[in-house]
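Trainee: Pasting a structure below so you can have a look.
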Amino acid sequence: MAQPHQFCTFYLDKFLFGVELQKVQEVMRYLEMTAIPLAPDVVSGLMNLRGQIVMAVDLRRRLELPNRPADMLPMNVVILSADGAVSLLVDKIGDVVEVDDDSFERPPETLQGKVRELILGVHKLDKHLLHVLDTDKACETAPSLEAVAAK
Amino acid sequence: MDDLIKEFLVESIENLDRLDSELVKLESDPSSEDLLSSIFRTIHTIKGSCGFLGFGKLEKVAHAGESLLSLLRDGKIPLTADLTSGLLSMVDAIRTILSEIQASGQDGKEDYPELIENLNRLQHPGQKPETKTSREPKTADSSKKRQTAPKKGEDGVAPKLGQPSPAREKAEEIVAASQESDGSPAATATNDKKHRPLSGKIGGMLVERGLVNPDVLARALVEQAEGDSRRVGEILVSVGSVSKEDVQAAIRTQDGARANSAAADTIRVDVHLLDRLMNLVGELVLTRNQITQFAGRQSDPVLTNSTQQLNLLTSELQGEVMKTRMQPISNVFDKFPRVVRDVAKGCGKQVLIEMEGKETELDKSLLEAIKDPLTHIVRNSVDHGIEMPDQRVAHGKRPEGHLKLGACHEGGQVVIEIKDDGAGIDTVRVKNKALERGLITPQQGTQMSDRELLNLIFLPGFSTAEKVTNLSGRGVGMDVVKTHIDRVNGTVDIQSSPGKGTAIKIKIPLTLAIVRAVIVQASGKRFAIPQVSIQELVRLDGDRVRKDIELVHGVPVYRMRGKLLPVIYLSQELGLIMDARSEYEKNEAINLVVLQADDHIFGLVVDEINDSEEIVVKPLGKQLKGIKVFAGATIMGDGKVSLILDVVGLAQSASVLSGVRDRGLADNPDELLEKEIKKYAFLLFAGPGDSRMALPLAIVARLEEFPVSHVEKSGNEWVIQYRGKILPLIRLARVLEERRVRVRQALSLAEHDSSPLQVLVCNDEGETIGIVVERILDIVEDRADVQSPASRAGVLYSVIINERVTELLDIPAIKRFSIENRSLQTEHAEVSN
């Protein structure tokens, strides 16, 4: 049976991504951040979200996309992860879209590398392909942490 | 559940905990009337309340115990070990019933007929009950006592008072009636006022001491009841029947008794409420900081004034709220005598327990968190650590084992030490066990230091006990201990010397969310350093910038009051700039924060030292836990986030403090004193063929472990990618070995098994090299003043470190060899092609 799903969508580079709406705590404009020395470079820093300290992960770096142009301020998509709130930095926020299971497809075999772990699949929308992000994996910075631990 | 029952449960459980320790104490001091009466009162209260609440089974058990206790209290039967055990098992039964009530609201099906039988049997220990009435304490309501202890009959009346006279009875009546009107808060508020001895009253006390005739007292009381507003004591003095001094002495005793019953001044508060209060105060502190900053920019005196007031009040409020959550560690420690007694008895051992620093306070949640791990360690110490009495004697020790528990505050942490003088831990057995269980590989086994082996006992599924006892040795335990302590960000450290005993040291942070910190800047970023670790702040300006930071073999140090402090640069440690020393030499001044990490003191160079502030510590997420130099983050007055430096982590990452420092049990103060004089720290490691070698610790930047698979070859050199650079590796085994062996061993990596390479990353004249050694042994401080010429090339000279001959490595020579070696290998490679 076709199950409708709601996704919060956003843009990174020229791609459209989505995360399940239930996992999104809130969407915020850019907040000032404190960089963390020695942290993996996907971690942009820590920010003060109404008294709560939240780590920000730059999705462009996480997905190995080119860096954001210097004049573009990212937006925050705050995700409720198992370890508390984590903010994903994205370029632009899109609409909330409703999709059916029918339109879902696994990523093609030709998609390789780190990105494959992060993308659960795509939903075929009328004009775009909506990349479904594995938020748990996206919040994980562990692989790069090993590199830090070795330092 | 009924509020009444709930209250009964909370109170009873609390009382039972006290009972445990009191009974054990009583065993060593059987004549203490205070203890006996307190125990009696507790059981009596439980019995009274459960009769009232309709818990018949509980009442029966408590009644049997009470009857026994009353005989004991009256001195009719002596206290024996059997009796104590019986009473303790009664406490256990009551506890079981109480938890049953808590769970179901009923007192369960179990009747405990055997226990009751046993308790009744203990009432007649075979000998005629003798009458030792002199020890009889009187109760205000002696009729009640007679009723609760029916066997005692009329003996319950102390003969000192003579035959019951109408006047005396009257006196007792009035005493009982006037209890409320006396206005004594202790007497009115405690539940057990009825069982409070008459001696709690001035008049009663005087009668008891034989200073006042009961009839005179009765007259005085009647007078008071008829409207004389004076106190009983005053009336008695005025009638001349007693001296003023006697009354005053009696009052002092009475005050002492009242102080003991603090119950009147306490209320129960839900812990969650306290937590919430803590959080709110935390937020308040943040807001206060913001307002203080804002007010600092304004020039309105009224605002400044009220801000100061706000500042003061908030600090005070914060202090008080924090105190509400603090509890002395005795809450946990006091359970241990009972635990030790039970375990020791169960395995036929004799153990003395000694406790120190019971008043050390820590946060309630932490106390809860360490309760189970501590209990486990104590059990383990008795069960596995301390030997059987005959074994102990055979080893020239006293038959009874010693277990010492200590707690103290140290540098913002609570340090708990559990020390026994038992057999110690046999590292060989630990190793074999770990191999047998497949916890380590044989290769790892040979590479591990004693200290690492000891730490294996914290692995899941590890238990060395030959036989499983009902108390410990089921293979769960030490790993659980470690996870519990880890959870509260604590550390467990174990030290053991075979035959002498084991000491387990637990350090837990006082993670009371709010700490005082100094804010510093490095490369334009702000960091907070907890003030507890800061020793002092030093500013060097003018010429001193270049002169006062000296170099010991390329490593910067600062001479503070004649002692050398290693100096590290915060910006460099955080990877913000590479060569900090030359950068800072251009500055006009250098700010040095002198920090203490464990027992090591070092200097941290920062760009700027700002204010000190109260900060609220927020933990970093799991993803960032791997970065050891940060303890957490905080929100500053301006709303921005700052990172909090972890001084110990920083010291470790800068190699000021090694993770493998060893200090045996044998360390005594004299030895420590000696260490003060010795100045050099050496890194000990095993070179080729298990030879003992050393390097001055100062030139070793880091100790690393690399998987063989990470090693790459650049030309004929072994290299590894390390912090974004190429690190040349020098294999001591290769360099120091004789040439023909070297040639034979060709170049392949395969000669090494898959176990990781142990690498010392060294700084030598601005160059970083990695030295591959067999095994890292230890870091020691030694004078190393006994020297002899080198025995082979690549070695500076041989010295005696820790009473063993050790070769001191000559780094420049090693580097030279390595280059020669490389060309030789090239030749060899050409030949084999």
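By order of appearance in the structure tokens: chains A, B, ..., then residues from 1 within every chain, and ligands from 1 in the order shown.
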Report as a VMD selection string all protein, DNA and RNA residues lying within 8 Å of range 79-88 of chain A, evaluated on only C-alpha atoms, omitting residues in the same chain fewer than 5 positions from it.

Mentor: (chain A and resid 23 to 26 54 to 59 135 to 136 139) or (chain B and resid 621 to 622)

Trainee: Next, the residues of the selection above should be written as a compact mmCIF listing (two decimals), in the first residue's frame with N, CA and C atoms.

Mentor:
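Saved as again.txt:
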# COMPACT_ATOMS: atom_id res chain seq x y z
N LYS A 23 11.78 14.08 11.97
CA LYS A 23 13.10 14.16 12.56
C LYS A 23 13.58 15.59 12.70
N VAL A 24 12.85 16.52 12.08
CA VAL A 24 13.30 17.91 12.09
C VAL A 24 12.72 18.63 13.30
N GLN A 25 13.61 19.19 14.10
CA GLN A 25 13.14 19.95 15.25
C GLN A 25 12.71 21.34 14.81
N GLU A 26 13.54 21.97 14.01
CA GLU A 26 13.21 23.31 13.55
C GLU A 26 14.15 23.70 12.43
N VAL A 54 24.52 23.45 20.30
CA VAL A 54 24.22 22.51 19.24
C VAL A 54 25.40 22.46 18.27
N MET A 55 25.77 21.25 17.89
CA MET A 55 26.86 21.10 16.94
C MET A 55 26.30 21.22 15.51
N ALA A 56 27.06 21.90 14.65
CA ALA A 56 26.61 22.08 13.27
C ALA A 56 27.50 21.26 12.34
N VAL A 57 26.85 20.48 11.48
CA VAL A 57 27.57 19.68 10.50
C VAL A 57 27.33 20.28 9.12
N ASP A 58 28.40 20.59 8.42
CA ASP A 58 28.23 21.16 7.10
C ASP A 58 27.96 20.03 6.12
N LEU A 59 26.72 20.01 5.61
CA LEU A 59 26.33 18.90 4.74
C LEU A 59 27.10 18.91 3.43
N THR A 135 19.56 10.66 8.16
CA THR A 135 19.99 11.70 9.10
C THR A 135 20.95 11.18 10.15
N ASP A 136 20.73 9.94 10.60
CA ASP A 136 21.63 9.40 11.63
C ASP A 136 23.05 9.36 11.11
N CYS A 139 24.61 12.85 10.74
CA CYS A 139 25.04 13.48 11.98
C CYS A 139 26.33 12.86 12.51
N GLY B 621 28.70 16.83 22.48
CA GLY B 621 27.99 15.65 21.99
C GLY B 621 28.93 14.48 21.83
N LYS B 622 28.34 13.30 21.64
CA LYS B 622 29.13 12.09 21.51
C LYS B 622 30.14 12.20 20.38

Trainee: Give me, as number ranges by chain, all polymer residues having an atom no more than 12 Å from Val552 in chain B, counting only C-alpha atoms and skipping those fewer than 3 positions away in the same chain.

Mentor: B: 549, 555-559, 564-567, 680, 696-700, 763-765

Trainee: Return the single residue from B:Pro509, B:Pro301, B:Gly554, B:Gly282 that is closest to chain A, with distances computed using only C-alpha atoms.

Mentor: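 Using only C-alpha atoms, chain A sits closest to B:Gly282.
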
Trainee: For each of B:Val641, B:Gln327, B:Asp810, B:Val415, take the minimum atom-to-atom distance to Leu46 in chain A, counting only C-alpha atoms, then give the residue where this is smallest.

Mentor: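 The shortest atom-to-atom distance to Leu46 in chain A comes from B:Val641.
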
Trainee: Determine, using only C-alpha atoms, which residues of range 86-138 of chain A have any atom at most 12 Å from an atom of range 30-41 of chain A, and tabulate each with its shortest atom pair and distance in Å to one decimal place, rows ordered by chain and then rising number, as a tab-separated table.

Mentor:
residue	atom	partner	partner_atom	distance
A:Ser87	CA	A:Leu31	CA	10.6
A:Leu88	CA	A:Tyr30	CA	11.0
A:Leu89	CA	A:Tyr30	CA	8.7
A:Val90	CA	A:Tyr30	CA	9.8
A:Asp91	CA	A:Tyr30	CA	10.2
A:Lys92	CA	A:Tyr30	CA	10.7
A:Ile93	CA	A:Tyr30	CA	11.7

Trainee: Do a neighbour search on Ser788 in chain B at 8 Å with only C-alpha atoms, toss out local chain neighbours closer than 3 positions, and write the hits as a list in words.

Mentor: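 In the requested form, the answer reads Tyr797, Ser798 and Val799 of chain B.
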
Trainee: Return as JSON lines the residues of chain B lying at most 7 Å from chain A, together with the closest atom-to-atom pair for each and the distance in Å to one decimal, counting only C-alpha atoms, with rows in chain order and ascending residue number.

Mentor:
{"residue": "B:Leu574", "atom": "CA", "partner": "A:Pro37", "partner_atom": "CA", "distance": 5.5}
{"residue": "B:Gly575", "atom": "CA", "partner": "A:Leu38", "partner_atom": "CA", "distance": 6.6}
{"residue": "B:Gly621", "atom": "CA", "partner": "A:Asp83", "partner_atom": "CA", "distance": 6.6}
{"residue": "B:Lys622", "atom": "CA", "partner": "A:Asp83", "partner_atom": "CA", "distance": 6.7}
{"residue": "B:Gln623", "atom": "CA", "partner": "A:Thr141", "partner_atom": "CA", "distance": 5.9}
{"residue": "B:Gly626", "atom": "CA", "partner": "A:Ala149", "partner_atom": "CA", "distance": 6.3}
{"residue": "B:Ile627", "atom": "CA", "partner": "A:Ala39", "partner_atom": "CA", "distance": 7.0}
{"residue": "B:Ile635", "atom": "CA", "partner": "A:Asn48", "partner_atom": "CA", "distance": 7.0}
{"residue": "B:Gly639", "atom": "CA", "partner": "A:Asn48", "partner_atom": "CA", "distance": 6.9}
{"residue": "B:Lys640", "atom": "CA", "partner": "A:Asn48", "partner_atom": "CA", "distance": 6.4}
{"residue": "B:Val641", "atom": "CA", "partner": "A:Thr34", "partner_atom": "CA", "distance": 5.9}
{"residue": "B:Ser642", "atom": "CA", "partner": "A:Thr34", "partner_atom": "CA", "distance": 6.7}
{"residue": "B:Arg723", "atom": "CA", "partner": "A:Lys151", "partner_atom": "CA", "distance": 5.9}

Trainee: Generate a file of the selected residues that holds C-alpha atoms, formatted as a PDB file, in the first residue's frame.

Mentor:
ATOM      1  CA  LEU B 574      44.947  23.226  18.906  1.00  0.00           C
ATOM      2  CA  GLY B 575      46.535  23.115  15.471  1.00  0.00           C
ATOM      3  CA  GLY B 621      27.989  15.648  21.994  1.00  0.00           C
ATOM      4  CA  LYS B 622      29.133  12.089  21.511  1.00  0.00           C
ATOM      5  CA  GLN B 623      30.558  12.999  18.141  1.00  0.00           C
ATOM      6  CA  GLY B 626      37.097  12.074  20.927  1.00  0.00           C
ATOM      7  CA  ILE B 627      38.712  15.479  21.220  1.00  0.00           C
ATOM      8  CA  ILE B 635      27.617  30.039  26.524  1.00  0.00           C
ATOM      9  CA  GLY B 639      25.586  34.678  23.860  1.00  0.00           C
ATOM     10  CA  LYS B 640      28.419  33.088  21.892  1.00  0.00           C
ATOM     11  CA  VAL B 641      29.665  29.602  22.515  1.00  0.00           C
ATOM     12  CA  SER B 642      33.124  28.988  23.961  1.00  0.00           C
ATOM     13  CA  ARG B 723      48.890  14.986  10.944  1.00  0.00           C
TER      14      ARG B 723
END

Trainee: Please list as a list in words every residue within 7 Å of range 116-123 of chain A, counting only C-alpha atoms and excluding residues in the same chain fewer than 2 positions away.

Mentor: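 So, after excluding close chain neighbours, the residues are Ser103, Phe104, Glu105, Arg106, Pro107, Leu111, Gln112, Gly113, Lys114, Leu125, Leu129, Leu130, His131, Val132, Leu133, Asp134, Lys137 and Ala138 of chain A.
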
Trainee: Once you have the residues from the selection above, write them out as a PDB file, in the first residue's frame, restricted to N, CA and C atoms.

Mentor:
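File again_8.pdb, as written:
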ATOM      1  N   SER A 103       7.048   6.232  -5.422  1.00  0.00           N
ATOM      2  CA  SER A 103       8.001   7.010  -6.200  1.00  0.00           C
ATOM      3  C   SER A 103       9.451   6.778  -5.755  1.00  0.00           C
ATOM      4  N   PHE A 104       9.622   5.889  -4.756  1.00  0.00           N
ATOM      5  CA  PHE A 104      10.956   5.707  -4.180  1.00  0.00           C
ATOM      6  C   PHE A 104      11.786   4.714  -4.987  1.00  0.00           C
ATOM      7  N   GLU A 105      13.041   5.009  -5.118  1.00  0.00           N
ATOM      8  CA  GLU A 105      13.966   4.053  -5.716  1.00  0.00           C
ATOM      9  C   GLU A 105      15.291   4.080  -4.989  1.00  0.00           C
ATOM     10  N   ARG A 106      15.923   2.891  -4.907  1.00  0.00           N
ATOM     11  CA  ARG A 106      17.238   2.804  -4.282  1.00  0.00           C
ATOM     12  C   ARG A 106      18.239   3.561  -5.151  1.00  0.00           C
ATOM     13  N   PRO A 107      19.298   4.041  -4.544  1.00  0.00           N
ATOM     14  CA  PRO A 107      20.291   4.748  -5.366  1.00  0.00           C
ATOM     15  C   PRO A 107      20.895   3.796  -6.393  1.00  0.00           C
ATOM     16  N   LEU A 111      26.362   4.876  -8.103  1.00  0.00           N
ATOM     17  CA  LEU A 111      26.687   5.865  -7.068  1.00  0.00           C
ATOM     18  C   LEU A 111      27.604   5.190  -6.060  1.00  0.00           C
ATOM     19  N   GLN A 112      28.796   5.711  -5.955  1.00  0.00           N
ATOM     20  CA  GLN A 112      29.798   5.046  -5.121  1.00  0.00           C
ATOM     21  C   GLN A 112      30.283   5.985  -4.023  1.00  0.00           C
ATOM     22  N   GLY A 113      31.105   5.437  -3.168  1.00  0.00           N
ATOM     23  CA  GLY A 113      31.821   6.259  -2.191  1.00  0.00           C
ATOM     24  C   GLY A 113      31.016   6.571  -0.955  1.00  0.00           C
ATOM     25  N   LYS A 114      31.499   7.558  -0.253  1.00  0.00           N
ATOM     26  CA  LYS A 114      30.953   7.921   1.043  1.00  0.00           C
ATOM     27  C   LYS A 114      29.489   8.339   0.924  1.00  0.00           C
ATOM     28  N   LEU A 125      10.230  13.130  -8.097  1.00  0.00           N
ATOM     29  CA  LEU A 125       9.219  14.185  -8.126  1.00  0.00           C
ATOM     30  C   LEU A 125       9.019  14.590  -9.589  1.00  0.00           C
ATOM     31  N   LEU A 129      14.655  15.153  -8.708  1.00  0.00           N
ATOM     32  CA  LEU A 129      14.824  13.941  -7.908  1.00  0.00           C
ATOM     33  C   LEU A 129      15.092  14.404  -6.483  1.00  0.00           C
ATOM     34  N   LEU A 130      14.332  13.837  -5.534  1.00  0.00           N
ATOM     35  CA  LEU A 130      14.520  14.212  -4.127  1.00  0.00           C
ATOM     36  C   LEU A 130      15.426  13.172  -3.472  1.00  0.00           C
ATOM     37  N   HIS A 131      16.618  13.603  -3.059  1.00  0.00           N
ATOM     38  CA  HIS A 131      17.550  12.688  -2.395  1.00  0.00           C
ATOM     39  C   HIS A 131      17.135  12.540  -0.942  1.00  0.00           C
ATOM     40  N   VAL A 132      16.915  11.312  -0.515  1.00  0.00           N
ATOM     41  CA  VAL A 132      16.512  11.092   0.880  1.00  0.00           C
ATOM     42  C   VAL A 132      17.763  10.849   1.714  1.00  0.00           C
ATOM     43  N   LEU A 133      17.938  11.695   2.709  1.00  0.00           N
ATOM     44  CA  LEU A 133      19.158  11.658   3.509  1.00  0.00           C
ATOM     45  C   LEU A 133      18.965  10.758   4.729  1.00  0.00           C
ATOM     46  N   ASP A 134      19.956   9.950   5.020  1.00  0.00           N
ATOM     47  CA  ASP A 134      19.962   9.190   6.273  1.00  0.00           C
ATOM     48  C   ASP A 134      20.488  10.134   7.352  1.00  0.00           C
ATOM     49  N   LYS A 137      23.184   8.880   9.883  1.00  0.00           N
ATOM     50  CA  LYS A 137      24.525   8.796   9.291  1.00  0.00           C
ATOM     51  C   LYS A 137      25.092  10.188   9.064  1.00  0.00           C
ATOM     52  N   ALA A 138      24.213  11.097   8.652  1.00  0.00           N
ATOM     53  CA  ALA A 138      24.686  12.443   8.346  1.00  0.00           C
ATOM     54  C   ALA A 138      25.214  13.139   9.591  1.00  0.00           C
TER      55      ALA A 138
END

Trainee: Select, from A:His128, A:His5, A:Arg29, A:Lys14, the residue with the minimum atom-to-atom distance to Pro66 in chain A, counting only C-alpha atoms.

Mentor: A:Lys14
